[in-house]
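Below: one structure, written as structure tokens.
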Amino acid sequence: MVGIVSYGAYVPRYRIKPEEIGRIWGTDGASMGKGLMINQKSVPSPDEDTVTISTEAARYMLDRVPDVDPADIGAVYIGSESHPYAVKPSSTIVAEAIGATPNMTAADLEFACKAGTAGIQAGLGLVKAGMVRYAVAIGADTSQGAPGDALEYSAAAGGAAYLLGTEKVIAEVNKTLSFTTDTPDFWRREGMMYPVHGGRFSGEPAYFRHVTSAAKMMMEAMGTTPADYNYVVLHQPNGKFPTRAAKMLGFTPEQLECGLLTPNIGNTYSGAVPLGLAHVLDHAKAGDRILVTSYGSGAGSDAFDITVTDEIDSYRRDNAPVLDKILADPVYVDYATYAKYKNTIKMPEE
């Protein structure tokens, strides 16, 4: 049995509402938020980035499995679009912060919003091959969106970490597969501060084609239908896309609801699906089956068929904050504070 041994999640406490963003740019923020199905989004504080978010999530992950020695972690992968260094890995910082020894491999991954799930696939492969005892895969981002652009209403911050192994597995990964093409709907060239998106093109030939294709491939491979799953977690650049994709695939709103966090925290890019799965695992019970499908522009989707095991009953979930607790009591900021925290106001060089 290969799968998830533990997990942890973290989302910054600060929030900004679409109405506040629209107030600055002279647009109807309320209508924009309603159209995207986003009520608010998370905002990183000035001292938070992909490394700090990843470290916090990974520490929560390890708090829940006190019997696991961090020295037995043989791989650490961090998927993100917002690594703080262009040349300097985030993964080595996080690995040392959680007590992993130098006898391991580490790498930063990038594939738009599916870099986190790509890390899970790589970690599962190493564990299944017997090359490492445990692998850590993290998806985290402090997402970018140009001021005034539609992305600014959704680009948020947060992430989740997963400990993968073969011992005391709380959620078995029955199968994983991917659907990948060269579909350039979203990009950011070297030196560009903000990404560019293809507008409507990002929907039909990009997001919906890849997510539905990967999910259908998985159900065909496993001989399942939507009715066989208790939960479905889909990539969520907003609330509208995953809601529509779930309906296209034949899932009910109830199956999607638990794993859909974007309406209240925004699009955390590489952290979106890992966070959605973490929220499901916060509530799941033994025997529950989960279909997970990520999406990364450029473009590709990773799908996972997961079954929660009896180990969940003895798993020390309460050793770390669950997402419902992490997301409680948000602090709302105005646009000026948001711009300061996001460093969108550039000071002249001395």
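Identifiers for the structure tokens are assigned positionally: chains receive A, B, ... in sequence, residues are indexed from 1 per chain, and ligands are indexed from 1 in the order shown.
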ask   = Looking only at the backbone, which of the residues in segment 29-230 of chain A does DSSP tag as helix (DSSP H, G or I), as a PyMOL selection string?
value = chain A and resi 29-36+50-63+70-72+90-97+115-128+150-153+199-222+226-228
key: DSSP-assigned strand (DSSP E) members of segment 110-294 of chain A, reported as a PyMOL selection string   = chain A and resi 134-142+157-165+171-180+186-187+196-197+231-234+289-293
task = With a distance cut-off of 12 Å and only C-alpha atoms, select the neighbouring residues of segment 36-40 of chain A, excluding the residue or stretch itself and same-chain residues fewer than 5 positions from it, and output the selection as number ranges by chain.
result = A: 13-21, 29-31, 150-157, 236-244, 260-267, 327, 330-333
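Using only C-alpha atoms, the shortest contact distance between Ala221 of chain A and any of A:Tyr162, A:Phe304, A:Trp25, A:Tyr85 is found at A:Phe304.
Here atom CA of Ala58 of chain A is placed at a distance of 16.2 Å from atom CA of Tyr315 of chain A.
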Spatial neighbours of Gln255 of chain A, 6 Å, only C-alpha atoms, chain gap at least 6 places, as JSON, numbers by chain = {"A": [230, 231, 232]}
task = Write out as a ChimeraX atom specification each polymer residue whose atoms come within 7 Å of Ile78 of chain A, counting only C-alpha atoms; drop sequence neighbours fewer than 5 positions from it.
result = /A:91,107-109,116,119,137-139
inquiry  = To one decimal place in Å, what is the distance between atom CA of Asp72 of chain A and atom CA of Gly8 of chain A?
reply    = 18.0 Å
Between atom CA of Lys175 of chain A and atom CA of Asp305 of chain A, distance in Å (one decimal) =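 Calculated distance between atom CA of Lys175 of chain A and atom CA of Asp305 of chain A is 5.4 Å.
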key: Residues near Ala278 of chain A, cut-off 8 Å, only C-alpha atoms, skip fewer than 4 positions along chain, as a ChimeraX atom specification   = /A:7-9,160,259,274,282,323
Store the residues of this selection in a file with N, CA and C atoms, as a tab-separated table (two decimals), in the first residue's frame.
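The resulting part33.tsv:
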```
chain	number	residue	atom	x	y	z
A	7	TYR	N	-0.52	14.78	6.45
A	7	TYR	CA	-0.67	16.00	5.66
A	7	TYR	C	-0.79	17.19	6.61
A	8	GLY	N	-0.54	18.36	6.07
A	8	GLY	CA	-0.69	19.60	6.83
A	8	GLY	C	-0.98	20.72	5.86
A	9	ALA	N	-1.65	21.76	6.32
A	9	ALA	CA	-2.04	22.87	5.45
A	9	ALA	C	-1.86	24.20	6.16
A	160	ALA	N	-0.27	23.22	0.99
A	160	ALA	CA	-0.43	22.01	1.78
A	160	ALA	C	0.72	21.07	1.51
A	259	GLY	N	-14.26	19.97	-0.89
A	259	GLY	CA	-12.94	20.25	-1.45
A	259	GLY	C	-12.85	21.56	-2.20
A	274	PRO	N	-3.99	20.63	-3.53
A	274	PRO	CA	-3.52	20.08	-2.25
A	274	PRO	C	-4.33	20.59	-1.06
A	282	ASP	N	-9.61	16.29	6.26
A	282	ASP	CA	-10.02	16.77	7.59
A	282	ASP	C	-11.36	16.17	8.00
A	323	LEU	N	-8.12	22.74	8.68
A	323	LEU	CA	-8.34	23.95	7.88
A	323	LEU	C	-9.49	24.80	8.38
```
Find the spatial neighbours of Ala161 of chain A, counting only C-alpha atoms, within a cut-off of 12 Å - ignore same-chain residues fewer than 2 positions away - and output them as a PDB file with C-alpha atoms, in the first residue's frame.
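Saved file out_31.pdb follows:
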```pdb
ATOM      1  CA  ILE A   4      -0.578   9.528   2.169  1.00  0.00           C
ATOM      2  CA  VAL A   5       0.840   8.967   5.649  1.00  0.00           C
ATOM      3  CA  SER A   6       0.163  12.510   6.867  1.00  0.00           C
ATOM      4  CA  TYR A   7      -0.673  15.996   5.661  1.00  0.00           C
ATOM      5  CA  GLY A   8      -0.686  19.602   6.826  1.00  0.00           C
ATOM      6  CA  ALA A   9      -2.041  22.867   5.451  1.00  0.00           C
ATOM      7  CA  TYR A  10      -1.564  26.583   5.929  1.00  0.00           C
ATOM      8  CA  VAL A  11      -3.349  29.701   4.630  1.00  0.00           C
ATOM      9  CA  THR A  50       6.289  30.045  -0.539  1.00  0.00           C
ATOM     10  CA  VAL A  51       9.064  28.893   1.813  1.00  0.00           C
ATOM     11  CA  ILE A  53       3.968  28.645   3.902  1.00  0.00           C
ATOM     12  CA  SER A  54       5.566  25.328   2.941  1.00  0.00           C
ATOM     13  CA  THR A  55       7.455  25.097   6.217  1.00  0.00           C
ATOM     14  CA  GLU A  56       4.358  25.742   8.305  1.00  0.00           C
ATOM     15  CA  ALA A  57       2.327  23.150   6.375  1.00  0.00           C
ATOM     16  CA  ALA A  58       5.160  20.583   6.599  1.00  0.00           C
ATOM     17  CA  ARG A  59       5.555  21.100  10.351  1.00  0.00           C
ATOM     18  CA  TYR A  60       1.830  20.533  10.842  1.00  0.00           C
ATOM     19  CA  MET A  61       2.176  17.408   8.709  1.00  0.00           C
ATOM     20  CA  LEU A  62       4.908  16.022  10.967  1.00  0.00           C
ATOM     21  CA  ASP A  63       3.127  17.047  14.173  1.00  0.00           C
ATOM     22  CA  ARG A  64       0.409  14.547  13.271  1.00  0.00           C
ATOM     23  CA  VAL A  76      11.383  16.816  -0.651  1.00  0.00           C
ATOM     24  CA  TYR A  77       9.620  18.397  -3.619  1.00  0.00           C
ATOM     25  CA  ILE A  78       7.971  21.834  -3.642  1.00  0.00           C
ATOM     26  CA  GLY A  79       5.740  22.820  -6.528  1.00  0.00           C
ATOM     27  CA  SER A  91      13.047  22.729  -1.081  1.00  0.00           C
ATOM     28  CA  VAL A  94      12.171  23.614   3.981  1.00  0.00           C
ATOM     29  CA  ALA A  95      13.917  20.236   4.245  1.00  0.00           C
ATOM     30  CA  ILE A  98      11.742  20.251   9.270  1.00  0.00           C
ATOM     31  CA  GLY A 116       2.213  20.386  -6.335  1.00  0.00           C
ATOM     32  CA  THR A 117       0.447  17.290  -7.659  1.00  0.00           C
ATOM     33  CA  GLY A 119       5.514  16.450  -6.803  1.00  0.00           C
ATOM     34  CA  ILE A 120       3.071  13.973  -5.273  1.00  0.00           C
ATOM     35  CA  GLY A 123       7.225  11.163  -4.479  1.00  0.00           C
ATOM     36  CA  ALA A 135       8.810  11.535   0.451  1.00  0.00           C
ATOM     37  CA  VAL A 136       7.402  14.998   1.105  1.00  0.00           C
ATOM     38  CA  ALA A 137       5.444  16.769  -1.630  1.00  0.00           C
ATOM     39  CA  ILE A 138       4.244  20.342  -1.173  1.00  0.00           C
ATOM     40  CA  GLY A 139       2.123  22.624  -3.308  1.00  0.00           C
ATOM     41  CA  ALA A 140       2.268  26.281  -2.250  1.00  0.00           C
ATOM     42  CA  GLY A 158      -1.604  29.132   0.773  1.00  0.00           C
ATOM     43  CA  GLY A 159      -0.364  25.575   0.522  1.00  0.00           C
ATOM     44  CA  LEU A 163       4.065  12.821   3.654  1.00  0.00           C
ATOM     45  CA  LEU A 164       4.061   9.816   1.311  1.00  0.00           C
ATOM     46  CA  SER A 270      -0.110  25.141  -6.872  1.00  0.00           C
ATOM     47  CA  GLY A 271      -1.705  24.991  -3.437  1.00  0.00           C
ATOM     48  CA  ALA A 272      -5.297  24.842  -4.704  1.00  0.00           C
ATOM     49  CA  VAL A 273      -5.820  21.090  -5.160  1.00  0.00           C
ATOM     50  CA  PRO A 274      -3.519  20.083  -2.249  1.00  0.00           C
ATOM     51  CA  LEU A 275      -5.548  22.389   0.022  1.00  0.00           C
ATOM     52  CA  GLY A 276      -8.844  21.065  -1.314  1.00  0.00           C
ATOM     53  CA  LEU A 277      -7.713  17.491  -0.646  1.00  0.00           C
ATOM     54  CA  ALA A 278      -6.493  18.470   2.826  1.00  0.00           C
TER      55      ALA A 278
END
```
